[in-house]
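Working notes, beginning with the structure itself.
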Amino acid sequence: MARATWLLAATSILGVSLSLWLYRENRSLRAELTDRHAPQAAPADAAPPGTAAHPDPMSRASRSAAPVTRAPAPPVLPDPPQESRMDRRARRTDEFAAMFGRLDGETDDDYKARILPLLTTGLAIPRLRAEEQRKIAEEKAHVSPEQSARLDKAFDKVYSDVLDYTNKAITDGQLSPYERNVSGWLEYAGGLGGILTEANGQIGKILEPSQARTMYDAGFEWGEYLGVKAPWEQLRPPPARK
């Protein structure tokens, strides 16, 4: 139960938003490694054989008549300042706030038009995988179509409770895109655990214990399923930055 509780929290909003954040972080680190391993440019005074650095005995006479003028070395730019891990973390926080926070003068409709395509795209593949995993697990547990339909109906209330709880957390500032509120996230996750406990109680009224155990042994987790299948697109936008 403890594992499923945390999975519900991690696979919901955190799963989408932090994956985008980590993707941007990974892309930045790749660029940094590329710069460090880039081949060094040849020194300005390096010259191929036959030039002033490597005299060609066959052309001494011509050089004595017309001395070679060496081009001045190009200016050397100072190394860019190194960004510490803490500086990078602070910068990523600002970037996250700029992406998922409310922009100046942005209405609810404007915010949804900007964020919903990103959220829907990020959840599309996890939702398809969750549906496929549930189908396979239910087949192994011999869950009837009637039982499956009853589960879907029970989940409607679960989703409603999750959305109401999350909207309140956003309005109260417990979940905020503008700051790293670790204690708020943990408190929010604990509340989701209580909702999941109620959901498991409803599941236990529909499935036989042997069926629930078979689905679990097949690798299926209801916490993961509910986390990605919840209609997060219906959440209210966050308030403007104070």
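Letters A, B, ... mark the chains of the structure tokens in the order given; residue numbers begin at 1 per chain; ligand numbers begin at 1, in order shown.
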
Checklist entry - If you count only C-alpha atoms, which residues fall within 9 Å of Ala230 in chain A, apart from same-chain ones fewer than 4 positions away, as a PyMOL selection string? => result chain A and resi 12+155+158-160+162-163+225-226

Keeping only N, CA, C and O atoms, write those residues as an mmCIF file, in the first residue's frame.
data_model
loop_
_atom_site.group_PDB
_atom_site.id
_atom_site.type_symbol
_atom_site.label_atom_id
_atom_site.label_comp_id
_atom_site.auth_asym_id
_atom_site.auth_seq_id
_atom_site.Cartn_x
_atom_site.Cartn_y
_atom_site.Cartn_z
ATOM 1 N N SER A 12 1.556 11.486 -11.186
ATOM 2 C CA SER A 12 0.546 12.475 -11.570
ATOM 3 C C SER A 12 1.236 13.727 -12.091
ATOM 4 O O SER A 12 1.888 13.693 -13.121
ATOM 5 N N PHE A 155 -14.111 4.728 -10.421
ATOM 6 C CA PHE A 155 -12.994 5.643 -10.598
ATOM 7 C C PHE A 155 -13.461 7.061 -10.910
ATOM 8 O O PHE A 155 -12.691 8.018 -10.717
ATOM 9 N N VAL A 158 -13.259 8.815 -7.755
ATOM 10 C CA VAL A 158 -11.856 8.973 -7.360
ATOM 11 C C VAL A 158 -11.248 10.160 -8.094
ATOM 12 O O VAL A 158 -10.570 11.009 -7.490
ATOM 13 N N TYR A 159 -11.469 10.238 -9.388
ATOM 14 C CA TYR A 159 -10.921 11.346 -10.173
ATOM 15 C C TYR A 159 -11.485 12.683 -9.706
ATOM 16 O O TYR A 159 -10.760 13.684 -9.632
ATOM 17 N N SER A 160 -12.780 12.713 -9.393
ATOM 18 C CA SER A 160 -13.391 13.948 -8.909
ATOM 19 C C SER A 160 -12.758 14.397 -7.597
ATOM 20 O O SER A 160 -12.460 15.584 -7.401
ATOM 21 N N VAL A 162 -9.737 13.651 -6.532
ATOM 22 C CA VAL A 162 -8.353 14.055 -6.786
ATOM 23 C C VAL A 162 -8.304 15.469 -7.354
ATOM 24 O O VAL A 162 -7.469 16.294 -6.946
ATOM 25 N N LEU A 163 -9.186 15.777 -8.299
ATOM 26 C CA LEU A 163 -9.192 17.110 -8.898
ATOM 27 C C LEU A 163 -9.572 18.180 -7.871
ATOM 28 O O LEU A 163 -8.945 19.253 -7.813
ATOM 29 N N TYR A 225 -1.892 3.462 -12.498
ATOM 30 C CA TYR A 225 -2.975 3.607 -13.466
ATOM 31 C C TYR A 225 -3.800 4.863 -13.182
ATOM 32 O O TYR A 225 -4.044 5.675 -14.082
ATOM 33 N N LEU A 226 -4.224 5.031 -11.940
ATOM 34 C CA LEU A 226 -5.044 6.189 -11.591
ATOM 35 C C LEU A 226 -4.258 7.485 -11.739
ATOM 36 O O LEU A 226 -4.821 8.532 -12.072
#

Cut-off 10 Å: closest range 74-100 of chain A/range 169-182 of chain A atom pairs per residue, using only C-alpha atoms, as CSV:
residue,atom,partner,partner_atom,distance
A:Ala90,CA,A:Arg180,CA,9.6
A:Thr93,CA,A:Glu179,CA,7.0
A:Asp94,CA,A:Tyr178,CA,7.4
A:Glu95,CA,A:Tyr178,CA,9.5
A:Phe96,CA,A:Pro177,CA,6.8
A:Ala97,CA,A:Tyr178,CA,4.8
A:Ala98,CA,A:Tyr178,CA,8.2
A:Met99,CA,A:Pro177,CA,8.7
A:Phe100,CA,A:Pro177,CA,6.1

Checklist entry - When distances are computed from only C-alpha atoms, which of A:Arg91, A:Arg127, A:Arg102, A:Lys140 shows the smallest separation from Thr214 in chain A? => result A:Lys140

Next on the checklist: Taking only C-alpha atoms into account, name the residue in A:Ile136, A:Arg70, A:Thr166, A:Ile206 that is nearest to Ala189 in chain A.
Outcome noted: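 The closest residue to Ala189 in chain A is A:Thr166.
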